[in-house]
Amino acid sequence: SGLPRGSFPRDASSLTSEEERRRRKGLKFAGDVGRTMRILEKKLSKGGMLPSDIDQAERDRVNCLEAEAKRKAIIGRASHSEAVVGIAIDSLNKTVVTAGADSKLVLWNFTTHMPHKKSPIMLPSPATKLTHVRDSDLAAIAMNDFGVAVFDCSSLTIVRYFGGSRYKKDLRMSHTGPISDLNFGPDGRKLFTSSFDGTVRVWDVPTGLCVDWMSFSSPPTSLALSPTGEFLATSHVGRLGISLW
């Protein structure tokens, strides 16, 4: 109020003659409530009070709520809406790749537990299986349209498509039944897929072509490759044994 310490406070709304004179001349004086009100009205007319005028604790609470709302929105957009059918982890333990029956390929950050900014990557068809090879850091995703998408976990992009709806006119370039299993060769350059159409196909990853295939009287249900790539083991419908090729 501008009064000496210990004196009785006067009515702040009443001005002395000296204060009134200084106010008319536009000079500042202690305890000018009118000046304070004018400053507040000016700030409010510009869209509210400045952040520096808000209590720090309140500011922190508002920022926390906004960050949490943004986090939930990002997770909501990227999260799977149907069953997750495959999981892979990149060779650097930085990214988790999940494939779902909702046609989403989602990349999750190991450190923040948040989806990558590229997530979700939409596949042409719902995923059914996923396999990963650590040496080349590639993941292969089998889909409902009988095709396979190859995902590069280093560049975080889809680099190849094998078969599927893109090759409906050329049946030699695609399976004609659901894919039962898939596996990479030891060097990651070959991809082996088995299907209920009774065939096993060998895909060349660098060129994106089908380079070999085998036909069986009984559809193969699963396959596995030896570490050296010399032998291929398969299981078949209606058979209890394992075939070694």
# chains A, B, ... in the order shown; residues from 1 in each chain; ligands from 1

call {"tool": "residues_around", "arguments": {"residues": "Val96 (chain A)", "least_positions_apart": "3", "cutoff": "6 Å", "atoms": "only C-alpha atoms", "output": "list in words"}}
result
Ala88, Ile89, Leu107 and Trp108 of chain A

call {"tool": "select_by_dssp", "arguments": {"residues": "region 25-139 of chain A", "states": "helix (DSSP H, G or I)", "output": "PyMOL selection string"}}
result
chain A and resi 33-45+51-53+56-78

call {"tool": "residues_around", "arguments": {"residues": "Ser91 (chain A)", "least_positions_apart": "3", "cutoff": "12 Å", "atoms": "only C-alpha atoms", "output": "PyMOL selection string"}}
result
chain A and resi 88+94-97+132-139+152-154

call {"tool": "closest_atom_pairs", "arguments": {"of": "region 180-209 of chain A", "to": "region 229-239 of chain A", "cutoff": "9 Å", "atoms": "only C-alpha atoms", "output": "tab-separated table"}}
result
residue	atom	partner	partner_atom	distance
A:Gly185	CA	A:Gly229	CA	6.2
A:Pro186	CA	A:Gly229	CA	5.9
A:Asp187	CA	A:Gly229	CA	8.6
A:Ser194	CA	A:Thr234	CA	8.7
A:Phe196	CA	A:Val237	CA	8.9

call {"tool": "residues_around", "arguments": {"residues": "Gly147 (chain A)", "least_positions_apart": "4", "cutoff": "6 Å", "atoms": "only C-alpha atoms", "output": "NGL selection string"}}
result
:A and (143 or 162-164)

call {"tool": "residues_around", "arguments": {"residues": "region 78-86 of chain A", "least_positions_apart": "2", "cutoff": "8 Å", "atoms": "only C-alpha atoms", "output": "list of chain:residue names"}}
result
A:Ile74, A:Ile75, A:Gly76, A:Ala88, A:Thr98, A:Ala99, A:Gly100, A:Ala101, A:Asp102, A:Lys104, A:Val106, A:Pro115, A:Ser119, A:Pro120, A:Ala127, A:Thr128, A:Lys129, A:Leu130, A:Thr131

call {"tool": "residues_around", "arguments": {"residues": "Ala142 (chain A)", "least_positions_apart": "2", "cutoff": "9 Å", "atoms": "only C-alpha atoms", "output": "PyMOL selection string"}}
result
chain A and resi 126-131+140+144-150+178-182+193

call {"tool": "atom_distance", "arguments": {"atom1": "CA of Arg189 (chain A)", "atom2": "CA of Trp203 (chain A)"}}
result
8.4 Å

call {"tool": "atom_distance", "arguments": {"atom1": "CA of His175 (chain A)", "atom2": "CA of Arg201 (chain A)"}}
result
8.2 Å

call {"tool": "closest_residue", "arguments": {"among": "A:Pro206, A:Val211, A:Asp197, A:Leu191", "to": "Ala224 (chain A)", "atoms": "only C-alpha atoms"}}
result
A:Leu191

call {"tool": "atom_distance", "arguments": {"atom1": "CA of Lys190 (chain A)", "atom2": "CA of Ser243 (chain A)"}}
result
20.0 Å

call {"tool": "select_by_dssp", "arguments": {"residues": "region 82-215 of chain A", "states": "strand (DSSP E)", "output": "VMD selection string"}}
result
chain A and resid 84 to 89 95 to 100 104 to 109 121 to 122 127 to 133 138 to 143 147 to 152 157 to 163 179 to 184 190 to 195 199 to 204 209 to 215

call {"tool": "write_last_selection", "arguments": {"atoms": "C-alpha atoms", "output": "PDB file, in the first residue's frame"}}
result
ATOM      1  CA  VAL A  84      -1.270 -60.171 -32.483  1.00  0.00           C
ATOM      2  CA  VAL A  85       0.007 -63.092 -34.581  1.00  0.00           C
ATOM      3  CA  GLY A  86       3.763 -62.447 -34.575  1.00  0.00           C
ATOM      4  CA  ILE A  87       6.521 -60.654 -32.636  1.00  0.00           C
ATOM      5  CA  ALA A  88      10.132 -59.910 -33.592  1.00  0.00           C
ATOM      6  CA  ILE A  89      12.963 -57.955 -31.933  1.00  0.00           C
ATOM      7  CA  THR A  95      12.648 -52.005 -31.616  1.00  0.00           C
ATOM      8  CA  VAL A  96       9.900 -54.611 -31.160  1.00  0.00           C
ATOM      9  CA  VAL A  97       7.935 -55.412 -34.321  1.00  0.00           C
ATOM     10  CA  THR A  98       4.407 -56.805 -33.951  1.00  0.00           C
ATOM     11  CA  ALA A  99       2.095 -58.035 -36.712  1.00  0.00           C
ATOM     12  CA  GLY A 100      -1.647 -58.331 -36.182  1.00  0.00           C
ATOM     13  CA  LYS A 104      -1.157 -53.476 -38.821  1.00  0.00           C
ATOM     14  CA  LEU A 105       2.607 -53.731 -38.484  1.00  0.00           C
ATOM     15  CA  VAL A 106       3.539 -51.774 -35.342  1.00  0.00           C
ATOM     16  CA  LEU A 107       7.039 -50.747 -34.228  1.00  0.00           C
ATOM     17  CA  TRP A 108       7.552 -50.276 -30.482  1.00  0.00           C
ATOM     18  CA  ASN A 109      10.478 -48.475 -28.862  1.00  0.00           C
ATOM     19  CA  ILE A 121       2.453 -49.585 -41.168  1.00  0.00           C
ATOM     20  CA  MET A 122      -0.574 -50.973 -42.984  1.00  0.00           C
ATOM     21  CA  ALA A 127      -1.072 -61.052 -41.063  1.00  0.00           C
ATOM     22  CA  THR A 128      -1.057 -64.733 -40.096  1.00  0.00           C
ATOM     23  CA  LYS A 129       2.587 -65.485 -39.202  1.00  0.00           C
ATOM     24  CA  LEU A 130       5.916 -63.732 -38.664  1.00  0.00           C
ATOM     25  CA  THR A 131       9.518 -64.906 -38.653  1.00  0.00           C
ATOM     26  CA  HIS A 132      12.774 -62.998 -38.125  1.00  0.00           C
ATOM     27  CA  VAL A 133      16.432 -63.581 -39.050  1.00  0.00           C
ATOM     28  CA  LEU A 138      14.782 -58.996 -41.760  1.00  0.00           C
ATOM     29  CA  ALA A 139      11.280 -60.043 -40.745  1.00  0.00           C
ATOM     30  CA  ALA A 140       8.905 -61.922 -43.056  1.00  0.00           C
ATOM     31  CA  ILE A 141       5.140 -61.611 -42.530  1.00  0.00           C
ATOM     32  CA  ALA A 142       2.732 -64.109 -44.073  1.00  0.00           C
ATOM     33  CA  MET A 143      -0.678 -62.656 -44.978  1.00  0.00           C
ATOM     34  CA  GLY A 147       1.498 -63.358 -49.953  1.00  0.00           C
ATOM     35  CA  VAL A 148       4.555 -62.461 -47.873  1.00  0.00           C
ATOM     36  CA  ALA A 149       5.913 -59.021 -46.925  1.00  0.00           C
ATOM     37  CA  VAL A 150       9.583 -58.646 -45.971  1.00  0.00           C
ATOM     38  CA  PHE A 151      10.314 -55.908 -43.419  1.00  0.00           C
ATOM     39  CA  ASP A 152      13.778 -54.441 -42.852  1.00  0.00           C
ATOM     40  CA  THR A 157      10.523 -50.167 -44.088  1.00  0.00           C
ATOM     41  CA  ILE A 158       8.910 -52.953 -46.130  1.00  0.00           C
ATOM     42  CA  VAL A 159      11.467 -53.895 -48.794  1.00  0.00           C
ATOM     43  CA  ARG A 160       9.844 -56.844 -50.623  1.00  0.00           C
ATOM     44  CA  TYR A 161       6.469 -58.416 -51.431  1.00  0.00           C
ATOM     45  CA  PHE A 162       6.295 -62.042 -52.525  1.00  0.00           C
ATOM     46  CA  GLY A 163       3.106 -63.337 -54.130  1.00  0.00           C
ATOM     47  CA  ILE A 179       0.715 -70.103 -45.926  1.00  0.00           C
ATOM     48  CA  SER A 180       1.328 -72.657 -43.171  1.00  0.00           C
ATOM     49  CA  ASP A 181       4.935 -71.757 -42.285  1.00  0.00           C
ATOM     50  CA  LEU A 182       7.920 -69.705 -43.427  1.00  0.00           C
ATOM     51  CA  ASN A 183      11.613 -69.514 -42.618  1.00  0.00           C
ATOM     52  CA  PHE A 184      14.747 -67.728 -43.798  1.00  0.00           C
ATOM     53  CA  LYS A 190      16.494 -67.096 -49.333  1.00  0.00           C
ATOM     54  CA  LEU A 191      12.994 -67.310 -47.891  1.00  0.00           C
ATOM     55  CA  PHE A 192      11.202 -70.688 -47.742  1.00  0.00           C
ATOM     56  CA  THR A 193       7.396 -70.776 -47.510  1.00  0.00           C
ATOM     57  CA  SER A 194       5.045 -73.766 -47.187  1.00  0.00           C
ATOM     58  CA  SER A 195       1.375 -73.592 -48.079  1.00  0.00           C
ATOM     59  CA  THR A 199       3.842 -76.559 -52.333  1.00  0.00           C
ATOM     60  CA  VAL A 200       7.029 -75.221 -50.790  1.00  0.00           C
ATOM     61  CA  ARG A 201       8.446 -72.179 -52.548  1.00  0.00           C
ATOM     62  CA  VAL A 202      11.927 -70.665 -52.397  1.00  0.00           C
ATOM     63  CA  TRP A 203      12.106 -66.885 -52.782  1.00  0.00           C
ATOM     64  CA  ASP A 204      15.237 -64.894 -53.573  1.00  0.00           C
ATOM     65  CA  LEU A 209      11.644 -63.715 -57.468  1.00  0.00           C
ATOM     66  CA  CYS A 210      10.510 -67.281 -56.876  1.00  0.00           C
ATOM     67  CA  VAL A 211      13.613 -69.311 -57.802  1.00  0.00           C
ATOM     68  CA  ASP A 212      12.467 -72.819 -56.880  1.00  0.00           C
ATOM     69  CA  TRP A 213       9.466 -74.800 -55.673  1.00  0.00           C
ATOM     70  CA  MET A 214       8.394 -78.286 -54.638  1.00  0.00           C
ATOM     71  CA  SER A 215       4.965 -79.918 -54.928  1.00  0.00           C
TER      72      SER A 215
END
